[in-house]
>>> print(open('query.txt').read())   # compact mmCIF, C-alpha atoms
# COMPACT_ATOMS: atom_id res chain seq x y z
CA MET A 1 -13.06 -8.73 -10.14
CA LYS A 2 -11.07 -7.07 -7.36
CA TYR A 3 -11.01 -3.73 -9.15
CA LEU A 4 -14.83 -3.63 -9.18
CA LEU A 5 -14.77 -4.38 -5.47
CA PHE A 6 -12.37 -1.49 -4.97
CA ILE A 7 -14.65 0.87 -6.93
CA SER A 8 -17.69 -0.17 -4.87
CA GLY A 9 -15.82 0.55 -1.66
CA ILE A 10 -14.59 3.94 -2.85
CA LEU A 11 -18.11 4.94 -3.95
CA THR A 12 -19.37 4.05 -0.49
CA ILE A 13 -16.64 6.23 1.05
CA LEU A 14 -17.45 9.16 -1.23
CA PHE A 15 -21.17 8.94 -0.47
CA SER A 16 -20.65 8.77 3.27
CA ASN A 17 -18.23 11.66 3.33
CA SER A 18 -20.47 13.81 1.13
CA LEU A 19 -22.88 13.92 4.08
CA GLN A 20 -20.16 15.25 6.34
CA ALA A 21 -19.14 17.85 3.75
CA GLN A 22 -22.66 19.27 3.78
CA SER A 23 -22.17 20.39 7.38
CA ALA A 24 -20.49 23.52 6.03
CA PHE A 25 -23.61 24.53 4.10
CA ASN A 26 -26.68 23.16 5.87
CA PRO A 27 -27.62 23.99 9.51
CA PHE A 28 -29.04 20.48 9.97
CA PHE A 29 -25.56 19.05 9.44
CA LYS A 30 -23.70 21.36 11.80
CA PRO A 31 -21.66 19.48 14.42
CA SER A 32 -23.21 19.26 17.87
CA ASP A 33 -21.94 18.25 21.28
CA SER A 34 -25.11 16.32 22.03
CA LEU A 35 -26.19 13.05 20.51
CA SER A 36 -28.30 13.60 17.40
CA ILE A 37 -30.71 10.75 16.76
CA GLN A 38 -31.60 12.21 13.38
CA ARG A 39 -28.00 12.34 12.22
CA ARG A 40 -27.22 8.90 13.57
CA ASN A 41 -30.20 7.38 11.78
CA LEU A 42 -29.30 9.28 8.63
CA VAL A 43 -25.76 7.90 8.61
CA LEU A 44 -26.79 4.33 9.40
CA THR A 45 -29.66 4.28 6.92
CA SER A 46 -27.61 5.91 4.15
CA GLU A 47 -24.73 3.47 4.56
CA ALA A 48 -27.09 0.48 4.70
CA VAL A 49 -28.98 1.54 1.58
CA PHE A 50 -25.90 2.43 -0.43
CA THR A 51 -23.98 -0.67 0.63
CA SER A 52 -26.92 -2.90 -0.33
CA ALA A 53 -27.16 -1.15 -3.69
CA ALA A 54 -23.38 -1.53 -4.24
CA LEU A 55 -23.46 -5.27 -3.45
CA ILE A 56 -26.55 -5.91 -5.58
CA GLY A 57 -25.09 -3.91 -8.45
CA LEU A 58 -21.78 -5.75 -8.18
CA HIS A 59 -23.60 -9.08 -8.23
CA GLN A 60 -25.65 -8.16 -11.30
CA LEU A 61 -22.88 -6.44 -13.25
CA TRP A 62 -20.15 -8.98 -12.59
CA TYR A 63 -21.16 -12.32 -11.10
CA ALA A 64 -24.25 -12.76 -13.29
CA ASP A 65 -21.96 -13.25 -16.31
CA TYR A 66 -20.17 -16.22 -14.73
CA GLU A 67 -21.24 -19.74 -13.93
CA LYS A 68 -22.49 -20.37 -10.41
CA SER A 69 -21.26 -23.27 -8.25
CA SER A 70 -21.74 -24.75 -4.82
CA PHE A 71 -19.82 -22.85 -2.15
CA GLN A 72 -16.10 -23.45 -2.59
CA PHE A 73 -12.82 -22.28 -1.12
CA LYS A 74 -9.69 -21.15 -2.94
CA ASN A 75 -6.16 -20.68 -1.68
CA ASP A 76 -4.86 -17.67 -3.60
CA ASN A 77 -2.25 -16.60 -1.06
CA SER A 78 0.60 -16.96 -3.58
CA ASP A 79 -1.16 -15.00 -6.34
CA TRP A 80 0.18 -11.62 -7.52
CA LEU A 81 3.01 -11.85 -4.94
CA GLN A 82 0.41 -10.85 -2.31
CA MET A 83 -0.21 -7.43 -3.88
CA ASP A 84 -3.96 -8.12 -3.86
CA LYS A 85 -3.77 -8.72 -0.11
CA GLY A 86 -2.28 -5.26 0.29
CA GLY A 87 -5.35 -3.93 -1.50
CA HIS A 88 -7.64 -5.71 0.97
CA VAL A 89 -5.77 -4.28 3.97
CA PHE A 90 -5.87 -0.79 2.47
CA SER A 91 -9.58 -0.93 1.56
CA SER A 92 -10.71 -2.47 4.84
CA TYR A 93 -8.79 0.11 6.87
CA HIS A 94 -10.10 3.17 5.04
CA LEU A 95 -13.69 1.98 4.70
CA GLY A 96 -13.68 1.37 8.45
CA ARG A 97 -11.91 4.64 9.22
CA MET A 98 -14.30 6.80 7.25
CA SER A 99 -17.36 4.97 8.54
CA THR A 100 -16.07 5.57 12.06
CA GLU A 101 -15.58 9.28 11.33
CA MET A 102 -19.19 9.51 10.13
CA LEU A 103 -20.47 7.84 13.30
CA ALA A 104 -18.34 10.17 15.42
CA TRP A 105 -19.87 13.14 13.60
CA SER A 106 -23.37 11.78 14.28
CA GLY A 107 -22.73 11.59 18.04
CA VAL A 108 -22.29 7.83 18.52
CA SER A 109 -20.16 6.75 21.49
CA LYS A 110 -16.51 5.86 21.01
CA LYS A 111 -17.20 2.20 21.78
CA ASP A 112 -19.91 1.96 19.13
CA GLN A 113 -17.76 3.85 16.64
CA LEU A 114 -15.10 1.15 16.88
CA LEU A 115 -17.57 -1.71 17.04
CA TYR A 116 -19.85 -0.74 14.15
CA GLY A 117 -17.87 1.84 12.22
CA ALA A 118 -14.42 0.25 12.11
CA GLY A 119 -15.96 -3.14 11.33
CA TYR A 120 -17.75 -1.81 8.27
CA GLY A 121 -14.81 -2.40 5.92
CA PHE A 122 -14.41 -5.98 7.12
CA VAL A 123 -18.11 -6.76 6.72
CA PHE A 124 -18.40 -5.14 3.29
CA LEU A 125 -15.33 -6.84 1.81
CA THR A 126 -16.13 -10.21 3.37
CA ALA A 127 -19.66 -10.06 1.90
CA VAL A 128 -18.08 -9.84 -1.55
CA GLU A 129 -15.84 -12.77 -0.61
CA VAL A 130 -19.00 -14.83 -0.10
CA PHE A 131 -20.01 -13.95 -3.67
CA ASP A 132 -16.64 -15.34 -4.76
CA GLY A 133 -17.40 -18.53 -2.89
CA TYR A 134 -20.47 -19.22 -5.02
CA SER A 135 -18.71 -18.49 -8.30
CA ALA A 136 -17.16 -21.29 -10.37
CA GLU A 137 -14.51 -18.82 -11.52
CA TRP A 138 -13.18 -18.02 -8.03
CA GLY A 139 -13.71 -19.18 -4.48
CA PHE A 140 -13.87 -17.95 -0.91
CA SER A 141 -10.34 -16.96 0.15
CA TRP A 142 -9.36 -17.13 3.82
CA GLY A 143 -6.27 -15.13 2.86
CA ASP A 144 -8.47 -12.27 1.71
CA VAL A 145 -10.52 -12.45 4.90
CA ALA A 146 -7.32 -12.36 6.98
CA ALA A 147 -6.20 -9.27 5.05
CA ASN A 148 -9.60 -7.64 5.65
CA ALA A 149 -9.26 -8.36 9.35
CA THR A 150 -5.72 -6.95 9.37
CA GLY A 151 -6.89 -3.63 7.94
CA THR A 152 -9.66 -3.37 10.52
CA ALA A 153 -7.33 -4.37 13.36
CA LEU A 154 -4.78 -1.76 12.29
CA TYR A 155 -7.34 0.98 12.74
CA VAL A 156 -8.93 -0.29 15.97
CA SER A 157 -5.64 -1.08 17.72
CA GLN A 158 -4.32 2.45 17.15
CA GLU A 159 -7.50 4.01 18.51
CA LEU A 160 -7.27 1.83 21.61
CA LEU A 161 -3.53 2.41 22.12
CA TRP A 162 -3.14 6.08 21.19
CA ASN A 163 -6.62 7.45 20.47
CA GLU A 164 -5.24 8.59 17.10
CA GLN A 165 -4.02 7.12 13.82
CA ARG A 166 -0.24 7.27 13.72
CA ILE A 167 0.24 4.64 10.98
CA ILE A 168 -1.88 5.05 7.84
CA PRO A 169 -2.05 2.65 4.86
CA LYS A 170 -1.66 4.53 1.58
CA PHE A 171 -1.62 3.82 -2.15
CA SER A 172 0.31 5.03 -5.18
CA PHE A 173 0.47 4.04 -8.84
CA HIS A 174 2.57 4.49 -11.97
CA THR A 175 1.97 3.04 -15.45
CA THR A 176 4.08 0.07 -16.62
CA HIS A 177 4.85 -1.66 -19.91
CA TYR A 178 3.32 -4.91 -18.62
CA ALA A 179 -0.21 -3.65 -19.23
CA ASN A 180 0.59 -3.26 -22.95
CA GLN A 181 1.48 -6.94 -23.10
CA ARG A 182 -1.78 -8.14 -21.51
CA PRO A 183 -4.31 -5.28 -21.65
CA GLU A 184 -7.26 -7.67 -21.33
CA LEU A 185 -6.04 -8.63 -17.84
CA LEU A 186 -4.05 -5.62 -16.66
CA GLY A 187 -6.20 -2.88 -18.17
CA GLU A 188 -6.50 -1.06 -21.46
CA SER A 189 -6.90 2.50 -20.19
CA VAL A 190 -4.98 4.22 -17.40
CA SER A 191 -8.11 4.25 -15.22
CA GLU A 192 -8.34 0.45 -15.55
CA GLN A 193 -4.63 -0.05 -15.02
CA ILE A 194 -4.71 1.86 -11.73
CA LEU A 195 -7.05 -0.80 -10.39
CA LYS A 196 -5.88 -3.90 -12.28
CA ASP A 197 -2.14 -3.62 -12.98
CA TYR A 198 -0.47 -4.78 -9.77
CA ASN A 199 2.94 -4.08 -11.34
CA GLY A 200 2.36 -0.34 -11.02
CA GLN A 201 0.74 -0.34 -7.59
CA THR A 202 2.55 0.36 -4.33
CA TYR A 203 1.03 -0.05 -0.88
CA TRP A 204 2.49 1.99 1.96
CA LEU A 205 2.45 2.27 5.72
CA SER A 206 2.87 5.99 6.36
CA VAL A 207 4.12 6.73 9.90
CA ASN A 208 3.64 10.14 11.49
CA LEU A 209 6.97 11.00 13.11
CA HIS A 210 5.75 13.80 15.39
CA SER A 211 3.16 11.53 17.03
CA PHE A 212 5.97 9.30 18.33
CA ALA A 213 8.08 12.27 19.49
CA LYS A 214 5.59 14.96 20.49
CA SER A 215 8.20 17.06 22.28
CA SER A 216 10.38 17.26 19.17
CA LYS A 217 10.45 20.01 16.56
CA ILE A 218 9.50 17.60 13.78
CA PRO A 219 6.61 19.10 11.75
CA ASN A 220 3.39 17.36 12.77
CA TRP A 221 2.51 16.71 9.10
CA LEU A 222 5.77 14.94 8.18
CA ASN A 223 5.59 11.16 7.72
CA LEU A 224 8.07 8.38 6.97
CA ALA A 225 6.58 5.78 4.61
CA VAL A 226 7.54 2.13 4.07
CA GLY A 227 6.20 0.67 0.82
CA TYR A 228 5.74 -2.70 -0.87
CA GLY A 229 5.36 -3.44 -4.58
CA ALA A 230 6.09 -6.12 -7.17
CA GLU A 231 6.84 -6.35 -10.89
CA GLY A 232 7.09 -8.85 -13.73
CA MET A 233 3.55 -10.18 -13.29
CA LEU A 234 1.54 -10.92 -16.43
CA SER A 235 -0.72 -13.32 -14.55
CA SER A 236 -1.65 -14.20 -11.00
CA GLY A 237 0.58 -17.28 -10.76
CA LYS A 238 4.22 -17.95 -11.53
CA SER A 239 3.76 -20.99 -13.78
CA THR A 240 1.41 -19.17 -16.14
CA ASN A 241 3.60 -16.10 -16.00
CA GLU A 242 6.64 -18.10 -17.11
CA SER A 243 4.82 -19.58 -20.10
CA ILE A 244 3.97 -16.07 -21.24
CA LEU A 245 7.34 -14.42 -20.64
CA HIS A 246 9.48 -17.50 -21.34
CA SER A 247 11.51 -16.61 -18.27
CA THR A 248 11.99 -18.01 -14.80
CA ASN A 249 13.32 -14.83 -13.19
CA ASP A 250 10.64 -12.32 -14.08
CA ARG A 251 8.64 -11.83 -10.89
CA PHE A 252 10.23 -9.86 -8.05
CA ARG A 253 9.27 -7.87 -4.95
CA GLN A 254 10.14 -4.25 -4.21
CA PHE A 255 10.58 -2.50 -0.87
CA TYR A 256 10.59 1.27 -0.50
CA LEU A 257 11.50 3.96 2.03
CA SER A 258 10.18 7.47 1.41
CA LEU A 259 8.83 10.70 2.90
CA ASP A 260 5.14 11.54 2.99
CA VAL A 261 2.61 14.11 4.24
CA ASP A 262 -0.26 13.49 6.67
CA LEU A 263 -2.99 15.73 5.24
CA SER A 264 -5.15 15.22 8.32
CA LYS A 265 -2.65 17.32 10.31
CA ILE A 266 -3.27 20.42 8.17
CA GLN A 267 -5.34 22.84 10.25
CA THR A 268 -8.52 24.22 8.68
CA LYS A 269 -11.96 25.27 9.91
CA SER A 270 -13.60 24.25 6.64
CA HIS A 271 -15.57 21.00 6.91
CA PHE A 272 -15.39 20.71 3.13
CA LEU A 273 -11.58 20.87 3.13
CA LYS A 274 -11.41 18.43 6.03
CA THR A 275 -13.42 15.96 3.94
CA ILE A 276 -11.15 16.49 0.92
CA PHE A 277 -8.04 16.01 3.07
CA SER A 278 -9.55 12.85 4.58
CA LEU A 279 -10.19 11.38 1.13
CA PHE A 280 -6.80 12.28 -0.35
CA ASN A 281 -4.95 11.12 2.77
CA THR A 282 -5.35 7.64 1.29
CA ILE A 283 -2.82 8.54 -1.44
CA LYS A 284 0.96 8.64 -0.99
CA ILE A 285 2.50 12.01 -1.89
CA PRO A 286 5.25 11.73 -4.59
CA SER A 287 8.62 12.08 -2.85
CA PRO A 288 12.30 11.06 -3.08
CA THR A 289 12.38 7.30 -2.51
CA PHE A 290 14.95 4.58 -1.85
CA GLU A 291 14.20 1.11 -3.29
CA ILE A 292 15.57 -2.37 -2.66
CA ASN A 293 14.16 -5.16 -4.83
CA GLY A 294 14.16 -8.93 -5.01
CA LEU A 295 16.77 -8.90 -7.77
CA GLY A 296 19.32 -7.68 -5.25
CA LYS A 297 19.43 -4.19 -6.71
CA ALA A 298 19.09 -0.83 -4.96
CA LYS A 299 17.74 2.31 -6.60
CA PHE A 300 17.14 5.93 -5.67
CA HIS A 301 14.16 7.68 -7.23
CA ILE A 302 14.26 11.48 -7.22
CA LEU A 303 10.46 11.44 -7.32
CA TYR A 304 8.55 8.18 -6.97
CA PHE A 305 4.84 7.63 -7.24
>>> encode(input="query.txt", output="structure tokens")
Amino acid sequence: MKYLLFISGILTILFSNSLQAQSAFNPFFKPSDSLSIQRRNLVLTSEAVFTSAALIGLHQLWYADYEKSSFQFKNDNSDWLQMDKGGHVFSSYHLGRMSTEMLAWSGVSKKDQLLYGAGYGFVFLTAVEVFDGYSAEWGFSWGDVAANATGTALYVSQELLWNEQRIIPKFSFHTTHYANQRPELLGESVSEQILKDYNGQTYWLSVNLHSFAKSSKIPNWLNLAVGYGAEGMLSSGKSTNESILHSTNDRFRQFYLSLDVDLSKIQTKSHFLKTIFSLFNTIKIPSPTFEINGLGKAKFHILYF
């Protein structure tokens, strides 16, 4: 279910940012120093309508096929070696970030940007969590809610401390052989595997070096990224995983250190390119990478993605 949630969030991001991209072509969308009531109402109404449509569609396309139950809770904090929690942090951060950017463009005050814009990711993802709570298949997860809150807090805290985003959550993916063993769970096509195969996902915290040493000669686009991944997972839990693999040492964590690029630091006057850079700044750039994993092994990847 989480991959459908991810798609809904990304569609919301794309729709919101398409409004900002139009500023390069339509006089009505040109940036202004004064508060624009029309633009503010347009952004708020568009996000409200599209978010409602996304949640209703998600409910009809996914939850309608499963048995309903009274509201229940589920502790899934040990599932998938917490890779799904990384997805919640990532999604909550970027949904909030891009919603905030749209409100800034519409002329809303900084305080309201952080209050209503940054909180958008948390509200959207937690609304889906409520759907989980009424499904017999899943349950409301406080761990997921905590991860949603972490993503939102990461954005807001940096705006309050530095008035800029120096640490950005990012995502990367590579295909694995695990999906071939359980395609019904981990995805049959590459597009499904990107969203469902946690073995191939890596979540990063990409740190802009120049922002912490502004007087240095470090390029302002150069980042140092710390990543987290996991492998050996054919199911969410260890016990089921062992029965499938007939092994007790199959699941392990991975920690990475790599270089990255902050696309938001690339100077351009094009609003269209700024929107493209904003969208693709969610993805980790392939780079030389050092890995240490839970099996006690260290690896160097010439190019890791």
>>> closest_residue(input="query.txt", among="A:Ser69, A:Ser78, A:Gln181, A:Ser258", to="Asp144 in chain A", atoms="all atoms listed in the file")
A:Ser78
>>> closest_atom_pairs(input="query.txt", of="range 86-139 of chain A", to="range 262-283 of chain A", cutoff="9 Å", atoms="only C-alpha atoms", output="tab-separated table")
residue	atom	partner	partner_atom	distance
A:Phe90	CA	A:Thr282	CA	8.5
A:His94	CA	A:Thr282	CA	7.5
A:Met98	CA	A:Ser278	CA	8.1
>>> residues_near_point(input="query.txt", point="(7.4, 9.5, -0.9)", cutoff="10 Å", atoms="all atoms listed in the file", output="NGL selection string")
:A and (172 or 204 or 206 or 223-227 or 256-261 or 284-290 or 301-305)
>>> residues_around(input="query.txt", residues="Ile194 in chain A", least_positions_apart="2", cutoff="12 Å", atoms="all atoms listed in the file", output="ChimeraX atom specification")
/A:2-4,6-7,87,171-176,179,186-192,196-202
>>> closest_atom_pairs(input="query.txt", of="range 127-239 of chain A", to="range 105-116 of chain A", cutoff="12 Å", atoms="all atoms listed in the file", output="Markdown table")
| residue | atom | partner | partner_atom | distance |
| --- | --- | --- | --- | --- |
| A:Thr152 | CA | A:Leu114 | CA | 9.5 |
| A:Ala153 | CA | A:Leu114 | CA | 10.2 |
| A:Leu154 | CA | A:Leu114 | CA | 11.7 |
| A:Tyr155 | CA | A:Leu114 | CA | 8.8 |
| A:Val156 | CA | A:Leu114 | CA | 6.4 |
| A:Ser157 | CA | A:Leu114 | CA | 9.8 |
| A:Gln158 | CA | A:Leu114 | CA | 10.9 |
| A:Glu159 | CA | A:Leu114 | CA | 8.3 |
| A:Leu160 | CA | A:Leu114 | CA | 9.2 |
| A:Asn163 | CA | A:Lys110 | CA | 10.0 |
>>> atom_distance(input="query.txt", atom1="CA of Tyr178 in chain A", atom2="CA of Met233 in chain A")
7.5 Å
